[in-house]
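This is input23.cif. It holds mmCIF, C-alpha atoms.
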```cif
data_work
loop_
_atom_site.label_atom_id
_atom_site.label_comp_id
_atom_site.auth_asym_id
_atom_site.auth_seq_id
_atom_site.Cartn_x
_atom_site.Cartn_y
_atom_site.Cartn_z
CA MET Y 1 42.38 76.16 116.70
CA GLU Y 2 44.51 74.99 113.73
CA PRO Y 3 41.51 73.58 111.78
CA ILE Y 4 39.64 76.87 112.18
CA LYS Y 5 42.67 78.86 111.01
CA LYS Y 6 43.00 76.64 107.96
CA LEU Y 7 39.28 76.96 107.14
CA THR Y 8 39.25 80.75 107.56
CA GLU Y 9 42.23 81.03 105.21
CA GLN Y 10 40.49 78.76 102.72
CA TYR Y 11 37.31 80.85 102.94
CA ALA Y 12 39.24 84.09 102.38
CA SER Y 13 40.92 82.48 99.37
CA VAL Y 14 37.54 81.47 97.90
CA LEU Y 15 36.17 84.99 98.35
CA LEU Y 16 39.23 86.40 96.55
CA LYS Y 17 38.72 83.92 93.68
CA VAL Y 18 35.08 85.03 93.28
CA LYS Y 19 36.22 88.66 93.08
CA GLU Y 20 38.89 87.74 90.50
CA ARG Y 21 36.32 85.87 88.38
CA ARG Y 22 33.94 88.83 88.40
CA THR Y 23 36.74 91.17 87.37
CA ALA Y 24 37.78 88.78 84.58
CA TRP Y 25 34.16 88.66 83.36
CA GLN Y 26 33.88 92.45 83.18
CA GLN Y 27 37.31 93.14 81.71
CA GLN Y 28 37.90 90.18 79.38
CA ALA Y 29 35.17 87.55 79.04
CA LYS Y 30 32.09 89.72 78.46
CA PRO Y 31 33.71 92.08 75.90
CA PHE Y 32 35.28 89.09 74.11
CA LEU Y 33 31.96 87.22 73.94
CA ILE Y 34 30.02 90.24 72.66
CA GLN Y 35 32.63 90.92 69.97
CA HIS Y 36 33.05 87.29 68.90
CA LEU Y 37 29.32 86.50 68.76
CA ASN Y 38 28.69 89.65 66.71
CA GLU Y 39 31.46 88.61 64.31
CA VAL Y 40 29.88 85.15 63.95
CA ILE Y 41 26.43 86.54 63.13
CA ALA Y 42 27.94 89.02 60.65
CA ARG Y 43 29.78 86.18 58.83
CA HIS Y 44 26.85 83.76 58.94
CA PRO Y 45 23.57 85.57 58.27
CA LEU Y 46 20.58 83.89 59.89
CA ASN Y 47 17.60 85.24 61.80
CA TRP Y 48 19.73 85.62 64.94
CA LYS Y 49 21.35 88.28 67.06
CA ALA Y 50 23.82 88.62 69.90
CA GLY Y 51 23.20 90.59 73.05
CA ALA Y 52 23.83 90.96 76.75
CA ASN Y 53 21.56 90.85 79.77
CA GLU Y 54 23.10 93.30 82.22
CA MET Y 55 20.13 93.87 84.50
CA MET Y 56 21.83 92.28 87.52
CA GLN Y 57 25.50 93.10 87.90
CA GLY Y 58 27.36 89.99 89.01
CA LEU Y 59 24.77 87.75 87.30
CA GLU Y 60 25.07 88.98 83.73
CA ALA Y 61 24.78 86.95 80.55
CA VAL Y 62 25.85 87.22 76.92
CA TYR Y 63 23.72 85.32 74.44
CA LEU Y 64 23.12 84.28 70.85
CA LEU Y 65 19.37 84.28 70.12
CA PHE Y 66 17.16 83.26 67.23
CA ASP Y 67 14.40 85.84 66.76
CA HIS Y 68 10.73 84.98 67.26
CA GLU Y 69 8.94 84.19 64.01
CA PRO Y 70 5.65 82.77 62.76
CA SER Y 71 5.61 79.00 63.26
CA GLY Y 72 3.43 78.21 60.28
CA ILE Y 73 0.76 76.90 62.66
CA VAL Y 74 -2.50 78.87 62.60
CA GLU Y 75 -5.33 78.42 65.10
CA GLN Y 76 -8.70 79.12 63.49
CA SER Y 77 -12.08 79.58 65.10
CA PRO Y 78 -15.30 81.10 63.83
CA PHE Y 79 -14.25 84.38 65.48
CA SER Y 80 -10.51 84.63 64.97
CA VAL Y 81 -7.39 83.46 63.23
CA VAL Y 82 -4.29 83.32 65.44
CA GLN Y 83 -0.78 82.76 64.08
CA LYS Y 84 1.21 80.73 66.59
CA MET Y 85 4.70 82.15 67.11
CA LYS Y 86 7.88 80.14 67.41
CA ILE Y 87 9.95 81.52 70.27
CA GLY Y 88 13.55 81.10 69.15
CA GLY Y 89 16.16 79.13 71.03
CA PHE Y 90 19.26 80.72 72.49
CA LEU Y 91 22.78 79.98 73.65
CA SER Y 92 23.73 81.74 76.88
CA PHE Y 93 27.02 82.38 78.63
CA SER Y 94 25.76 83.27 82.13
CA GLN Y 95 27.62 84.35 85.24
CA THR Y 96 26.89 82.32 88.36
CA ARG Y 97 26.84 83.66 91.91
CA ASN Y 98 30.50 82.69 92.29
CA GLY Y 99 31.64 84.28 89.01
CA GLN Y 100 31.99 81.10 86.99
CA ILE Y 101 30.34 80.93 83.56
CA VAL Y 102 27.56 78.45 82.81
CA VAL Y 103 27.04 77.76 79.11
CA TRP Y 104 23.51 76.59 78.37
CA ILE Y 105 20.90 76.26 75.65
CA SER Y 106 17.22 77.13 75.80
CA PHE Y 107 15.29 75.30 73.10
CA PRO Y 108 12.68 76.92 70.86
CA PHE Y 109 8.99 76.35 71.47
CA ILE Y 110 5.67 77.17 69.85
CA ASP Y 111 3.86 79.71 72.03
CA GLY Y 112 0.50 78.44 73.29
CA MET Y 113 1.01 74.84 72.15
CA SER Y 114 2.12 73.37 75.46
CA GLU Y 115 1.88 74.23 79.11
CA GLU Y 116 5.38 72.95 79.73
CA LYS Y 117 8.32 75.32 80.04
CA PRO Y 118 10.91 75.31 77.26
CA ARG Y 119 13.61 72.69 77.65
CA ASN Y 120 17.04 73.88 78.78
CA GLU Y 121 20.35 72.03 78.60
CA THR Y 122 23.54 72.94 80.43
CA LEU Y 123 26.62 72.40 78.26
CA ASP Y 124 29.44 73.31 80.65
CA THR Y 125 30.62 75.40 83.60
CA LEU Y 126 33.85 77.32 82.99
CA GLU Y 127 36.25 79.75 84.53
CA PRO Y 128 36.16 83.11 82.66
CA GLU Y 129 39.70 82.60 81.33
CA GLU Y 130 38.62 79.31 79.70
CA LEU Y 131 36.53 81.19 77.14
CA THR Y 132 38.49 81.12 73.88
CA VAL Y 133 37.56 81.40 70.22
CA GLU Y 134 37.81 77.61 69.98
CA SER Y 135 35.66 76.86 73.02
CA VAL Y 136 33.00 79.42 72.08
CA ASP Y 137 32.88 78.14 68.48
CA ARG Y 138 32.48 74.60 69.84
CA PHE Y 139 29.48 75.75 71.92
CA ILE Y 140 27.99 77.59 68.93
CA GLY Y 141 28.39 74.40 66.89
CA LYS Y 142 26.61 72.34 69.57
CA PHE Y 143 23.85 74.96 69.76
CA LEU Y 144 23.34 74.89 65.98
CA GLU Y 145 23.30 71.07 65.95
CA GLU Y 146 20.58 71.10 68.62
CA MET Y 147 18.53 73.72 66.73
CA ILE Y 148 18.81 71.67 63.51
CA GLN Y 149 17.64 68.57 65.35
CA TRP Y 150 14.75 70.46 66.97
CA GLU Y 151 13.59 71.81 63.59
CA ASP Y 152 14.19 68.64 61.58
CA ASP Y 153 13.63 65.68 63.90
CA ALA Y 154 11.25 66.91 66.60
CA ARG Y 155 8.78 64.25 67.66
CA ASP Y 156 6.72 66.48 69.95
CA GLU Y 157 2.97 66.12 69.81
CA ILE Y 158 1.52 69.14 68.09
CA GLY Y 159 -2.12 70.09 67.92
CA PHE Y 160 -3.62 70.05 71.39
CA ILE Y 161 -2.60 71.23 74.80
CA ARG Y 162 -2.56 68.22 77.08
CA LYS Y 163 -3.08 68.51 80.79
CA ARG Y 164 -1.14 65.94 82.76
CA ASP Y 165 -2.82 64.41 85.78
#
```
For the file at hand, write its structure as structure tokens.
Amino acid sequence: MEPIKKLTEQYASVLLKVKERRTAWQQQAKPFLIQHLNEVIARHPLNWKAGANEMMQGLEAVYLLFDHEPSGIVEQSPFSVVQKMKIGGFLSFSQTRNGQIVVWISFPFIDGMSEEKPRNETLDTLEPEELTVESVDRFIGKFLEEMIQWEDDARDEIGFIRKRD
């Protein structure tokens, strides 16, 4: 029975840690992220905003998002002219089911130009107390570097939707 006792204690400890993480998110991490991201966008004006997705308590997210804007690509036919929109990329600090924070990027895309889903990249998984000004600024820097590369160096095929067999 000793192995079972040890495992039940370990399981109870894990459940307590999840509860502590969720409390830390609500009381420290989420308010800090909202405040810090808003300070960053106020100091560095771009077409971006900060916000929170609070639709599912326990799986919330705080994000930095570039607004949608015209892409400069226009589809013309004899019957219509359609401006293709660029859906902006975003940086997200998202709660996981166990209360840890996943930091990830969703890349921009031109709506209607590809059937593929936008590319996402996970940057890190953290404990809520690991979110500091320095770590968040490092993630913002990585996000901006990726957005610059997407805008400046993208080698995606543009022009036709390709169906893959």
Identify, on the basis of only C-alpha atoms, every residue whose closest approach to Leu37 of chain Y does not exceed 10 Å; exclude the query and any residue fewer than 5 positions from it along the same chain; express the result as a list in words.
->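 Answer for this query is Phe32, Ala42, Arg43, Lys49, Ala50, Gly51, Val62, Tyr63, Leu64, Val133, Val136, Asp137 and Ile140 of chain Y.
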Pull C-alpha atoms from the residues just selected and write them as a compact mmCIF listing (two decimals), keeping the file's coordinate frame.
```
# COMPACT_ATOMS: atom_id res chain seq x y z
CA PHE Y 32 35.28 89.09 74.11
CA ALA Y 42 27.94 89.02 60.65
CA ARG Y 43 29.78 86.18 58.83
CA LYS Y 49 21.35 88.28 67.06
CA ALA Y 50 23.82 88.62 69.90
CA GLY Y 51 23.20 90.59 73.05
CA VAL Y 62 25.85 87.22 76.92
CA TYR Y 63 23.72 85.32 74.44
CA LEU Y 64 23.12 84.28 70.85
CA VAL Y 133 37.56 81.40 70.22
CA VAL Y 136 33.00 79.42 72.08
CA ASP Y 137 32.88 78.14 68.48
CA ILE Y 140 27.99 77.59 68.93
```
Do you have the atom CA of Trp48 of chain Y-atom CA of Ile101 of chain Y distance handy?
-> 21.9 Å
Counting all atoms listed in the file, what is within 12 Å of Val82 of chain Y, bar same-chain residues fewer than 4 positions away, as a list of chain:residue names?
->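 Near Val82 of chain Y, the qualifying residues are Y:Pro70, Y:Ser71, Y:Gly72, Y:Ile73, Y:Val74, Y:Glu75, Y:Gln76, Y:Ser77, Y:Pro78, Y:Asp111, Y:Gly112.
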By how many Å are atom CA of Glu20 of chain Y and atom CA of Gly99 of chain Y apart?
->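 That distance, rounded to one decimal, is 8.2 Å.
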Have a look at Y:Gly88, Y:Arg22, Y:Gln10, Y:Gln35 and name the one nearest to Asn47 of chain Y; count all atoms listed in the file.
->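 Under the stated criterion, the closest residue is Y:Gly88.
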Selection dump of the PyMOL selection byres ((chain Y and resi 123) around 6), as a PyMOL selection string = chain Y and resi 103-104+122+124
Between Y:Val81, Y:Val18, Y:Met147, Y:Ala29, which has the minimum distance to Thr132 of chain Y (counting all atoms listed in the file)?
->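 Of Y:Val81, Y:Val18, Y:Met147, Y:Ala29, the one nearest Thr132 of chain Y is Y:Ala29, counting all atoms listed in the file.
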Would you work out the distance separating atom CA of Lys86 of chain Y from atom CA of Met56 of chain Y, expressed in Å to one decimal?
-> 27.3 Å
Which centre and edge lengths in Å to one decimal define the box along x, y and z that fits every listed atom of segment 73-92 of chain Y plus 3 Å per side, as lines of an AutoDock Vina configuration file?
```
center_x = 4.2
center_y = 80.8
center_z = 69.7
size_x = 45.0
size_y = 13.7
size_z = 20.3
```
Between Y:Gln26, Y:Ser92, Y:Ser13, Y:Ser106, single out the one closest to Pro128 of chain Y, counting only C-alpha atoms.
->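 Under the stated criterion, the closest residue is Y:Gln26.
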Which residue gives the smallest distance to Glu130 of chain Y among Y:Leu59, Y:Lys5, Y:Val102, Y:Ile110, with only C-alpha atoms counted?
->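 Of all the options, Y:Val102 lies closest to Glu130 of chain Y.
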Please write as a ChimeraX atom specification the full residue list that the PyMOL selection byres ((chain Y and resi 108) around 10) yields on this file.
-> /Y:65-68,86-90,105-107,109-111,118-120,147,150-151
